[in-house]
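Down below is the structure, laid out as structure tokens.
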Number of protein chains: 2
Amino acid sequence: MDILKERILKDGKCLPGGILKVDSFVNHQMDPNLLKKEAIEFIRLFSDTKITKILTIEASGIAPSIIVGLLLDLPVVFAKKKTPSTMDNMYRTKIHSFTKQRDYNVVIAKEYLSPDDRVLFIDDFLAYGNAAKGIADICQQAGAELVGMGFIIEKAFQHGREVLENMGIRVESLAIVDSLDNCEIKLR
Amino acid sequence: MDILKERILKDGKCLPGGILKVDSFVNHQMDPNLLKKEAIEFIRLFSDTKITKILTIEASGIAPSIIVGLLLDLPVVFAKKKTPSTMDNMYRTKIHSFTKQRDYNVVIAKEYLSPDDRVLFIDDFLAYGNAAKGIADICQQAGAELVGMGFIIEKAFQHGREVLENMGIRVESLAIVDSLDNCEIKLR
């Protein structure tokens, strides 16, 4: 997606440790106009699938997901990183964060995911694929069908795609970063 | 906003401790179609103001904010509850959560809020007003003008509006809950 790639090269910042900082338009300040174009591209890429629900994880996945949900008129559910005191019946999975070097749980209330659901998962980044694996686990627990996963930016050198495709999951990304070596952003 | 009030009465659940559970359409599963109607109502309510930026706090404020931002073609910034390792120059404020009985910090990178900004803050709930006060503090630190605050649901019996209006902040809510006594939802 050219407009996104141009924006990454223009406004993205490469930091040590394989970090691509895009907080001026993706995950802190957000550009709704670009998000809408990204949502349209996700819809085009998955246009051959039947989807009943959009799933994401708080917080950075919410903005792109809600615009996909708005355009497709579908409910959007975000997995929570803290279990609300008001939630008593949930699917839970453990996710390992490489960036933060710790494990955390995410939960989705059982009433919002069922065997009738055909799920599209949307998130801002695909890195090692750990968060996405967690969502796949929750879909399996719920008996819901995971029709695919869409990411705004894929960091190919962290190999999350292989992990997910080996699980039989369809993966689509809007921009693929091949390398951040020597603090230079190399896009595919 | 009648369609919202009807939805709260139909799908909202009253829990002990003054909690209104609306996780089927506001803050876990979200209804993008209703969110769009809410965004249009926010825009109507603040139509006499000049706005340059939408501010919110992760996670439940992101969905309504991004749709307001999309319709007004304005950037949206969400305050973060954890300081990213990649952020080194930020406004920070401490917020007390009554629900969780603990304090937490929120941060906004300095580059995304400036004295040129005229800010509309959007969030899902107004309860005691503590999160909103924190945002007002950050706007003051940045020298940005806070033109108003819009909430999907206001719990009037927790008096956040008085707190904010005493600070000179304009407050608009789409639905006002007067009481949750005896587990009955009483809307204004």
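Every chain in the structure tokens has a letter given in the order shown (A, B, ...), and although residue numbers restart at 1 in each chain, ligands are simply numbered from 1 in the order shown.
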Could you work out which residues of chain B fall inside 8 Å of chain A? Count only C-alpha atoms, and format the result as a compact mmCIF listing (two decimals) with N, CA and C atoms, in the first residue's frame.
# COMPACT_ATOMS: atom_id res chain seq x y z
N LEU B 15 -24.69 -3.24 38.15
CA LEU B 15 -23.99 -4.11 39.10
C LEU B 15 -23.77 -3.35 40.41
N LYS B 21 -22.75 -1.84 33.49
CA LYS B 21 -22.01 -2.69 32.56
C LYS B 21 -22.60 -2.53 31.16
N SER B 24 -21.44 -4.86 26.03
CA SER B 24 -21.92 -5.46 24.79
C SER B 24 -21.95 -4.47 23.63
N HIS B 28 -16.22 -3.25 25.25
CA HIS B 28 -15.55 -4.55 25.05
C HIS B 28 -15.97 -5.02 23.64
N GLN B 29 -17.26 -5.36 23.49
CA GLN B 29 -17.81 -5.43 22.13
C GLN B 29 -18.32 -4.02 21.81
N MET B 30 -18.10 -3.60 20.57
CA MET B 30 -18.52 -2.25 20.19
C MET B 30 -19.40 -2.32 18.94
N ASP B 31 -20.36 -1.41 18.89
CA ASP B 31 -21.29 -1.34 17.77
C ASP B 31 -20.90 -0.10 16.95
N PRO B 32 -20.18 -0.30 15.84
CA PRO B 32 -19.66 0.86 15.10
C PRO B 32 -20.77 1.77 14.57
N ASN B 33 -21.91 1.19 14.26
CA ASN B 33 -23.02 1.97 13.74
C ASN B 33 -23.56 2.94 14.80
N LYS B 36 -20.99 5.66 15.37
CA LYS B 36 -21.04 6.72 14.36
C LYS B 36 -22.13 7.74 14.70
N GLU B 58 -6.54 5.65 26.44
CA GLU B 58 -6.77 4.24 26.13
C GLU B 58 -7.54 3.59 27.26
N ALA B 59 -8.33 2.56 27.01
CA ALA B 59 -8.58 1.96 25.72
C ALA B 59 -9.99 2.28 25.22
N ILE B 62 -10.89 5.17 22.66
CA ILE B 62 -10.30 5.24 21.32
C ILE B 62 -11.36 5.12 20.22
N ALA B 63 -12.28 4.17 20.38
CA ALA B 63 -13.26 3.93 19.30
C ALA B 63 -14.14 5.16 19.03
N ILE B 66 -11.93 8.02 17.45
CA ILE B 66 -11.41 7.87 16.09
C ILE B 66 -12.53 8.15 15.08
N ILE B 67 -13.76 7.85 15.44
CA ILE B 67 -14.85 8.12 14.49
C ILE B 67 -15.15 9.62 14.44
N GLY B 69 -12.82 11.85 14.90
CA GLY B 69 -11.68 12.32 14.13
C GLY B 69 -11.84 12.07 12.64
N LEU B 70 -12.39 10.89 12.33
CA LEU B 70 -12.61 10.53 10.92
C LEU B 70 -13.61 11.50 10.27
N ASP B 73 -12.03 14.92 10.09
CA ASP B 73 -10.70 14.91 9.48
C ASP B 73 -9.66 15.59 10.37
N LEU B 74 -9.63 15.16 11.62
CA LEU B 74 -8.69 15.71 12.60
C LEU B 74 -7.85 14.59 13.21
N PRO B 75 -6.61 14.90 13.58
CA PRO B 75 -5.80 13.89 14.26
C PRO B 75 -6.37 13.56 15.64
N VAL B 76 -6.18 12.31 16.05
CA VAL B 76 -6.65 11.82 17.34
C VAL B 76 -5.43 11.34 18.12
N VAL B 77 -5.32 11.75 19.38
CA VAL B 77 -4.21 11.30 20.22
C VAL B 77 -4.78 10.58 21.43
N PHE B 78 -4.31 9.36 21.68
CA PHE B 78 -4.75 8.74 22.94
C PHE B 78 -3.63 8.76 23.98
N ALA B 79 -3.98 9.23 25.19
CA ALA B 79 -3.04 9.22 26.31
C ALA B 79 -2.78 7.77 26.69
N LYS B 80 -1.52 7.46 27.00
CA LYS B 80 -1.13 6.08 27.29
C LYS B 80 -1.00 5.88 28.79
N THR B 86 10.04 3.90 24.10
CA THR B 86 10.49 4.74 23.00
C THR B 86 10.12 6.22 23.20
N TYR B 112 2.99 15.91 20.32
CA TYR B 112 1.63 15.79 19.78
C TYR B 112 0.60 16.70 20.47
Near Lys50 in chain A, counting only C-alpha atoms, which residues have an atom at most 10 Å away, once you skip same-chain residues fewer than 2 positions from it, shown as a PyMOL selection string? chain A and resi 46-48+52-53+117-120+147
Please, could you write that set of residues out with N, CA and C atoms as a PDB file, in the first residue's frame?
ATOM      1  N   PHE A  46      -9.569  -9.079   2.030  1.00  0.00           N
ATOM      2  CA  PHE A  46     -10.368 -10.188   2.571  1.00  0.00           C
ATOM      3  C   PHE A  46     -11.764 -10.241   1.943  1.00  0.00           C
ATOM      4  N   SER A  47     -11.899  -9.648   0.750  1.00  0.00           N
ATOM      5  CA  SER A  47     -13.233  -9.538   0.144  1.00  0.00           C
ATOM      6  C   SER A  47     -13.817 -10.892  -0.255  1.00  0.00           C
ATOM      7  N   ASP A  48     -12.957 -11.918  -0.358  1.00  0.00           N
ATOM      8  CA  ASP A  48     -13.457 -13.251  -0.725  1.00  0.00           C
ATOM      9  C   ASP A  48     -13.883 -14.066   0.493  1.00  0.00           C
ATOM     10  N   THR A  52     -18.056 -12.248  10.249  1.00  0.00           N
ATOM     11  CA  THR A  52     -19.174 -11.830  11.108  1.00  0.00           C
ATOM     12  C   THR A  52     -18.720 -10.930  12.247  1.00  0.00           C
ATOM     13  N   LYS A  53     -17.406 -10.937  12.511  1.00  0.00           N
ATOM     14  CA  LYS A  53     -16.933 -10.167  13.671  1.00  0.00           C
ATOM     15  C   LYS A  53     -15.481  -9.759  13.476  1.00  0.00           C
ATOM     16  N   ASP A 117     -19.291 -17.530  14.868  1.00  0.00           N
ATOM     17  CA  ASP A 117     -18.517 -16.382  14.401  1.00  0.00           C
ATOM     18  C   ASP A 117     -17.425 -16.758  13.406  1.00  0.00           C
ATOM     19  N   ARG A 118     -17.296 -15.900  12.401  1.00  0.00           N
ATOM     20  CA  ARG A 118     -16.190 -15.968  11.444  1.00  0.00           C
ATOM     21  C   ARG A 118     -15.395 -14.681  11.644  1.00  0.00           C
ATOM     22  N   VAL A 119     -14.203 -14.856  12.191  1.00  0.00           N
ATOM     23  CA  VAL A 119     -13.460 -13.734  12.777  1.00  0.00           C
ATOM     24  C   VAL A 119     -12.348 -13.225  11.864  1.00  0.00           C
ATOM     25  N   LEU A 120     -12.299 -11.906  11.689  1.00  0.00           N
ATOM     26  CA  LEU A 120     -11.121 -11.255  11.112  1.00  0.00           C
ATOM     27  C   LEU A 120     -10.415 -10.514  12.240  1.00  0.00           C
ATOM     28  N   VAL A 147     -10.926 -16.407  10.033  1.00  0.00           N
ATOM     29  CA  VAL A 147     -10.799 -16.396   8.569  1.00  0.00           C
ATOM     30  C   VAL A 147      -9.514 -15.716   8.107  1.00  0.00           C
TER      31      VAL A 147
END
Nearby residues (only C-alpha atoms) at most 9 Å from Lys82 in chain A, same-chain spacing under 5 positions excluded, as a VMD selection string: chain A and resid 104 to 107
Write down as a PDB file with N, CA and C atoms, in the first residue's frame the residues of range 16-159 of chain A whose backbone DSSP state falls under strand (DSSP E).
ATOM      1  N   ILE A  19      13.067  -1.755  16.684  1.00  0.00           N
ATOM      2  CA  ILE A  19      11.830  -1.010  16.949  1.00  0.00           C
ATOM      3  C   ILE A  19      11.594   0.025  15.858  1.00  0.00           C
ATOM      4  N   LEU A  20      10.373   0.007  15.300  1.00  0.00           N
ATOM      5  CA  LEU A  20       9.957   1.025  14.338  1.00  0.00           C
ATOM      6  C   LEU A  20       8.952   1.925  15.039  1.00  0.00           C
ATOM      7  N   LYS A  21       9.322   3.157  15.234  1.00  0.00           N
ATOM      8  CA  LYS A  21       8.450   4.093  15.949  1.00  0.00           C
ATOM      9  C   LYS A  21       7.554   4.809  14.960  1.00  0.00           C
ATOM     10  N   GLN A  29      -0.500   9.227  18.295  1.00  0.00           N
ATOM     11  CA  GLN A  29      -1.320  10.094  17.459  1.00  0.00           C
ATOM     12  C   GLN A  29      -1.756   9.243  16.269  1.00  0.00           C
ATOM     13  N   MET A  30      -3.011   9.412  15.847  1.00  0.00           N
ATOM     14  CA  MET A  30      -3.525   8.604  14.746  1.00  0.00           C
ATOM     15  C   MET A  30      -4.088   9.504  13.665  1.00  0.00           C
ATOM     16  N   LYS A  53     -17.406 -10.937  12.511  1.00  0.00           N
ATOM     17  CA  LYS A  53     -16.933 -10.167  13.671  1.00  0.00           C
ATOM     18  C   LYS A  53     -15.481  -9.759  13.476  1.00  0.00           C
ATOM     19  N   ILE A  54     -15.151  -8.534  13.907  1.00  0.00           N
ATOM     20  CA  ILE A  54     -13.760  -8.070  13.904  1.00  0.00           C
ATOM     21  C   ILE A  54     -13.225  -8.200  15.324  1.00  0.00           C
ATOM     22  N   LEU A  55     -12.044  -8.787  15.441  1.00  0.00           N
ATOM     23  CA  LEU A  55     -11.403  -8.922  16.751  1.00  0.00           C
ATOM     24  C   LEU A  55     -10.095  -8.146  16.748  1.00  0.00           C
ATOM     25  N   THR A  56      -9.745  -7.576  17.897  1.00  0.00           N
ATOM     26  CA  THR A  56      -8.448  -6.941  18.044  1.00  0.00           C
ATOM     27  C   THR A  56      -8.014  -7.019  19.500  1.00  0.00           C
ATOM     28  N   ILE A  57      -6.858  -6.416  19.813  1.00  0.00           N
ATOM     29  CA  ILE A  57      -6.379  -6.342  21.202  1.00  0.00           C
ATOM     30  C   ILE A  57      -6.168  -4.877  21.534  1.00  0.00           C
ATOM     31  N   VAL A  76     -17.271  -5.142  16.643  1.00  0.00           N
ATOM     32  CA  VAL A  76     -15.834  -5.214  16.894  1.00  0.00           C
ATOM     33  C   VAL A  76     -15.642  -5.553  18.375  1.00  0.00           C
ATOM     34  N   VAL A  77     -14.792  -6.529  18.647  1.00  0.00           N
ATOM     35  CA  VAL A  77     -14.498  -6.872  20.044  1.00  0.00           C
ATOM     36  C   VAL A  77     -13.009  -6.689  20.285  1.00  0.00           C
ATOM     37  N   PHE A  78     -12.653  -5.961  21.352  1.00  0.00           N
ATOM     38  CA  PHE A  78     -11.231  -5.908  21.674  1.00  0.00           C
ATOM     39  C   PHE A  78     -10.923  -6.746  22.909  1.00  0.00           C
ATOM     40  N   ALA A  79      -9.906  -7.604  22.772  1.00  0.00           N
ATOM     41  CA  ALA A  79      -9.437  -8.402  23.899  1.00  0.00           C
ATOM     42  C   ALA A  79      -8.821  -7.470  24.916  1.00  0.00           C
ATOM     43  N   MET A  90     -15.134 -16.008  30.848  1.00  0.00           N
ATOM     44  CA  MET A  90     -14.291 -15.488  29.770  1.00  0.00           C
ATOM     45  C   MET A  90     -13.350 -16.532  29.187  1.00  0.00           C
ATOM     46  N   TYR A  91     -12.899 -16.290  27.966  1.00  0.00           N
ATOM     47  CA  TYR A  91     -11.766 -17.004  27.405  1.00  0.00           C
ATOM     48  C   TYR A  91     -10.511 -16.220  27.785  1.00  0.00           C
ATOM     49  N   ARG A  92      -9.464 -16.968  28.114  1.00  0.00           N
ATOM     50  CA  ARG A  92      -8.239 -16.316  28.571  1.00  0.00           C
ATOM     51  C   ARG A  92      -7.059 -16.992  27.886  1.00  0.00           C
ATOM     52  N   THR A  93      -6.055 -16.212  27.545  1.00  0.00           N
ATOM     53  CA  THR A  93      -4.843 -16.811  26.994  1.00  0.00           C
ATOM     54  C   THR A  93      -3.640 -15.992  27.436  1.00  0.00           C
ATOM     55  N   LYS A  94      -2.493 -16.654  27.499  1.00  0.00           N
ATOM     56  CA  LYS A  94      -1.268 -15.968  27.927  1.00  0.00           C
ATOM     57  C   LYS A  94      -0.449 -15.585  26.700  1.00  0.00           C
ATOM     58  N   ILE A  95       0.049 -14.362  26.688  1.00  0.00           N
ATOM     59  CA  ILE A  95       0.831 -13.858  25.559  1.00  0.00           C
ATOM     60  C   ILE A  95       2.197 -13.411  26.071  1.00  0.00           C
ATOM     61  N   HIS A  96       3.233 -13.761  25.324  1.00  0.00           N
ATOM     62  CA  HIS A  96       4.573 -13.308  25.699  1.00  0.00           C
ATOM     63  C   HIS A  96       4.947 -12.080  24.883  1.00  0.00           C
ATOM     64  N   SER A  97       5.309 -11.015  25.573  1.00  0.00           N
ATOM     65  CA  SER A  97       5.770  -9.815  24.877  1.00  0.00           C
ATOM     66  C   SER A  97       7.293  -9.805  24.816  1.00  0.00           C
ATOM     67  N   ARG A 102       7.943  -9.926  29.113  1.00  0.00           N
ATOM     68  CA  ARG A 102       7.084 -10.433  30.189  1.00  0.00           C
ATOM     69  C   ARG A 102       5.858 -11.079  29.562  1.00  0.00           C
ATOM     70  N   ASP A 103       5.172 -11.904  30.361  1.00  0.00           N
ATOM     71  CA  ASP A 103       3.923 -12.514  29.916  1.00  0.00           C
ATOM     72  C   ASP A 103       2.744 -11.692  30.427  1.00  0.00           C
ATOM     73  N   TYR A 104       1.681 -11.660  29.639  1.00  0.00           N
ATOM     74  CA  TYR A 104       0.453 -11.039  30.129  1.00  0.00           C
ATOM     75  C   TYR A 104      -0.724 -11.845  29.608  1.00  0.00           C
ATOM     76  N   ASN A 105      -1.846 -11.773  30.341  1.00  0.00           N
ATOM     77  CA  ASN A 105      -3.057 -12.464  29.915  1.00  0.00           C
ATOM     78  C   ASN A 105      -3.955 -11.516  29.141  1.00  0.00           C
ATOM     79  N   VAL A 106      -4.655 -12.038  28.141  1.00  0.00           N
ATOM     80  CA  VAL A 106      -5.752 -11.264  27.559  1.00  0.00           C
ATOM     81  C   VAL A 106      -7.031 -12.094  27.676  1.00  0.00           C
ATOM     82  N   VAL A 107      -8.146 -11.377  27.789  1.00  0.00           N
ATOM     83  CA  VAL A 107      -9.435 -12.050  27.986  1.00  0.00           C
ATOM     84  C   VAL A 107     -10.483 -11.497  27.024  1.00  0.00           C
ATOM     85  N   ILE A 108     -11.400 -12.375  26.655  1.00  0.00           N
ATOM     86  CA  ILE A 108     -12.598 -11.972  25.905  1.00  0.00           C
ATOM     87  C   ILE A 108     -13.790 -12.653  26.586  1.00  0.00           C
ATOM     88  N   ALA A 109     -14.831 -11.880  26.887  1.00  0.00           N
ATOM     89  CA  ALA A 109     -16.026 -12.446  27.520  1.00  0.00           C
ATOM     90  C   ALA A 109     -16.641 -13.502  26.599  1.00  0.00           C
ATOM     91  N   ARG A 118     -17.296 -15.900  12.401  1.00  0.00           N
ATOM     92  CA  ARG A 118     -16.190 -15.968  11.444  1.00  0.00           C
ATOM     93  C   ARG A 118     -15.395 -14.681  11.644  1.00  0.00           C
ATOM     94  N   VAL A 119     -14.203 -14.856  12.191  1.00  0.00           N
ATOM     95  CA  VAL A 119     -13.460 -13.734  12.777  1.00  0.00           C
ATOM     96  C   VAL A 119     -12.348 -13.225  11.864  1.00  0.00           C
ATOM     97  N   LEU A 120     -12.299 -11.906  11.689  1.00  0.00           N
ATOM     98  CA  LEU A 120     -11.121 -11.255  11.112  1.00  0.00           C
ATOM     99  C   LEU A 120     -10.415 -10.514  12.240  1.00  0.00           C
ATOM    100  N   PHE A 121      -9.135 -10.862  12.458  1.00  0.00           N
ATOM    101  CA  PHE A 121      -8.335 -10.189  13.483  1.00  0.00           C
ATOM    102  C   PHE A 121      -7.538  -9.068  12.819  1.00  0.00           C
ATOM    103  N   ILE A 122      -7.593  -7.884  13.419  1.00  0.00           N
ATOM    104  CA  ILE A 122      -6.864  -6.714  12.887  1.00  0.00           C
ATOM    105  C   ILE A 122      -5.951  -6.170  13.995  1.00  0.00           C
ATOM    106  N   ASP A 123      -4.711  -5.862  13.645  1.00  0.00           N
ATOM    107  CA  ASP A 123      -3.821  -5.243  14.629  1.00  0.00           C
ATOM    108  C   ASP A 123      -2.859  -4.296  13.919  1.00  0.00           C
ATOM    109  N   ASP A 124      -2.182  -3.462  14.700  1.00  0.00           N
ATOM    110  CA  ASP A 124      -1.271  -2.507  14.070  1.00  0.00           C
ATOM    111  C   ASP A 124       0.025  -3.178  13.603  1.00  0.00           C
ATOM    112  N   PHE A 125       0.608  -4.053  14.447  1.00  0.00           N
ATOM    113  CA  PHE A 125       1.905  -4.645  14.117  1.00  0.00           C
ATOM    114  C   PHE A 125       1.875  -6.171  14.127  1.00  0.00           C
ATOM    115  N   LEU A 126       2.572  -6.785  13.178  1.00  0.00           N
ATOM    116  CA  LEU A 126       2.925  -8.198  13.276  1.00  0.00           C
ATOM    117  C   LEU A 126       4.443  -8.260  13.463  1.00  0.00           C
ATOM    118  N   GLU A 145     -14.472 -19.540  13.890  1.00  0.00           N
ATOM    119  CA  GLU A 145     -13.564 -19.724  12.751  1.00  0.00           C
ATOM    120  C   GLU A 145     -12.756 -18.435  12.523  1.00  0.00           C
ATOM    121  N   LEU A 146     -11.449 -18.588  12.474  1.00  0.00           N
ATOM    122  CA  LEU A 146     -10.575 -17.438  12.225  1.00  0.00           C
ATOM    123  C   LEU A 146     -10.316 -17.382  10.718  1.00  0.00           C
ATOM    124  N   VAL A 147     -10.926 -16.407  10.033  1.00  0.00           N
ATOM    125  CA  VAL A 147     -10.799 -16.396   8.569  1.00  0.00           C
ATOM    126  C   VAL A 147      -9.514 -15.716   8.107  1.00  0.00           C
ATOM    127  N   GLY A 148      -8.910 -14.926   8.989  1.00  0.00           N
ATOM    128  CA  GLY A 148      -7.652 -14.308   8.601  1.00  0.00           C
ATOM    129  C   GLY A 148      -7.211 -13.242   9.588  1.00  0.00           C
ATOM    130  N   MET A 149      -5.990 -12.760   9.351  1.00  0.00           N
ATOM    131  CA  MET A 149      -5.425 -11.722  10.204  1.00  0.00           C
ATOM    132  C   MET A 149      -4.823 -10.636   9.327  1.00  0.00           C
ATOM    133  N   GLY A 150      -5.148  -9.399   9.640  1.00  0.00           N
ATOM    134  CA  GLY A 150      -4.636  -8.267   8.874  1.00  0.00           C
ATOM    135  C   GLY A 150      -3.825  -7.336   9.759  1.00  0.00           C
ATOM    136  N   PHE A 151      -2.639  -6.962   9.288  1.00  0.00           N
ATOM    137  CA  PHE A 151      -1.758  -6.100  10.068  1.00  0.00           C
ATOM    138  C   PHE A 151      -1.390  -4.860   9.249  1.00  0.00           C
ATOM    139  N   ILE A 152      -1.313  -3.729   9.919  1.00  0.00           N
ATOM    140  CA  ILE A 152      -0.904  -2.521   9.210  1.00  0.00           C
ATOM    141  C   ILE A 152       0.561  -2.659   8.792  1.00  0.00           C
ATOM    142  N   ILE A 153       1.416  -3.020   9.748  1.00  0.00           N
ATOM    143  CA  ILE A 153       2.853  -3.127   9.467  1.00  0.00           C
ATOM    144  C   ILE A 153       3.379  -4.482   9.939  1.00  0.00           C
ATOM    145  N   GLU A 154       4.045  -5.186   9.044  1.00  0.00           N
ATOM    146  CA  GLU A 154       4.661  -6.471   9.386  1.00  0.00           C
ATOM    147  C   GLU A 154       6.174  -6.298   9.437  1.00  0.00           C
ATOM    148  N   LYS A 155       6.784  -6.713  10.532  1.00  0.00           N
ATOM    149  CA  LYS A 155       8.246  -6.709  10.607  1.00  0.00           C
ATOM    150  C   LYS A 155       8.712  -8.119  10.238  1.00  0.00           C
TER     151      LYS A 155
END
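CA of Ala131 in chain A sits 10.3 Å away from CA of Phe98 in chain A.
Here CA of Met1 in chain A and CA of Gly160 in chain A stand 19.7 Å from one another.
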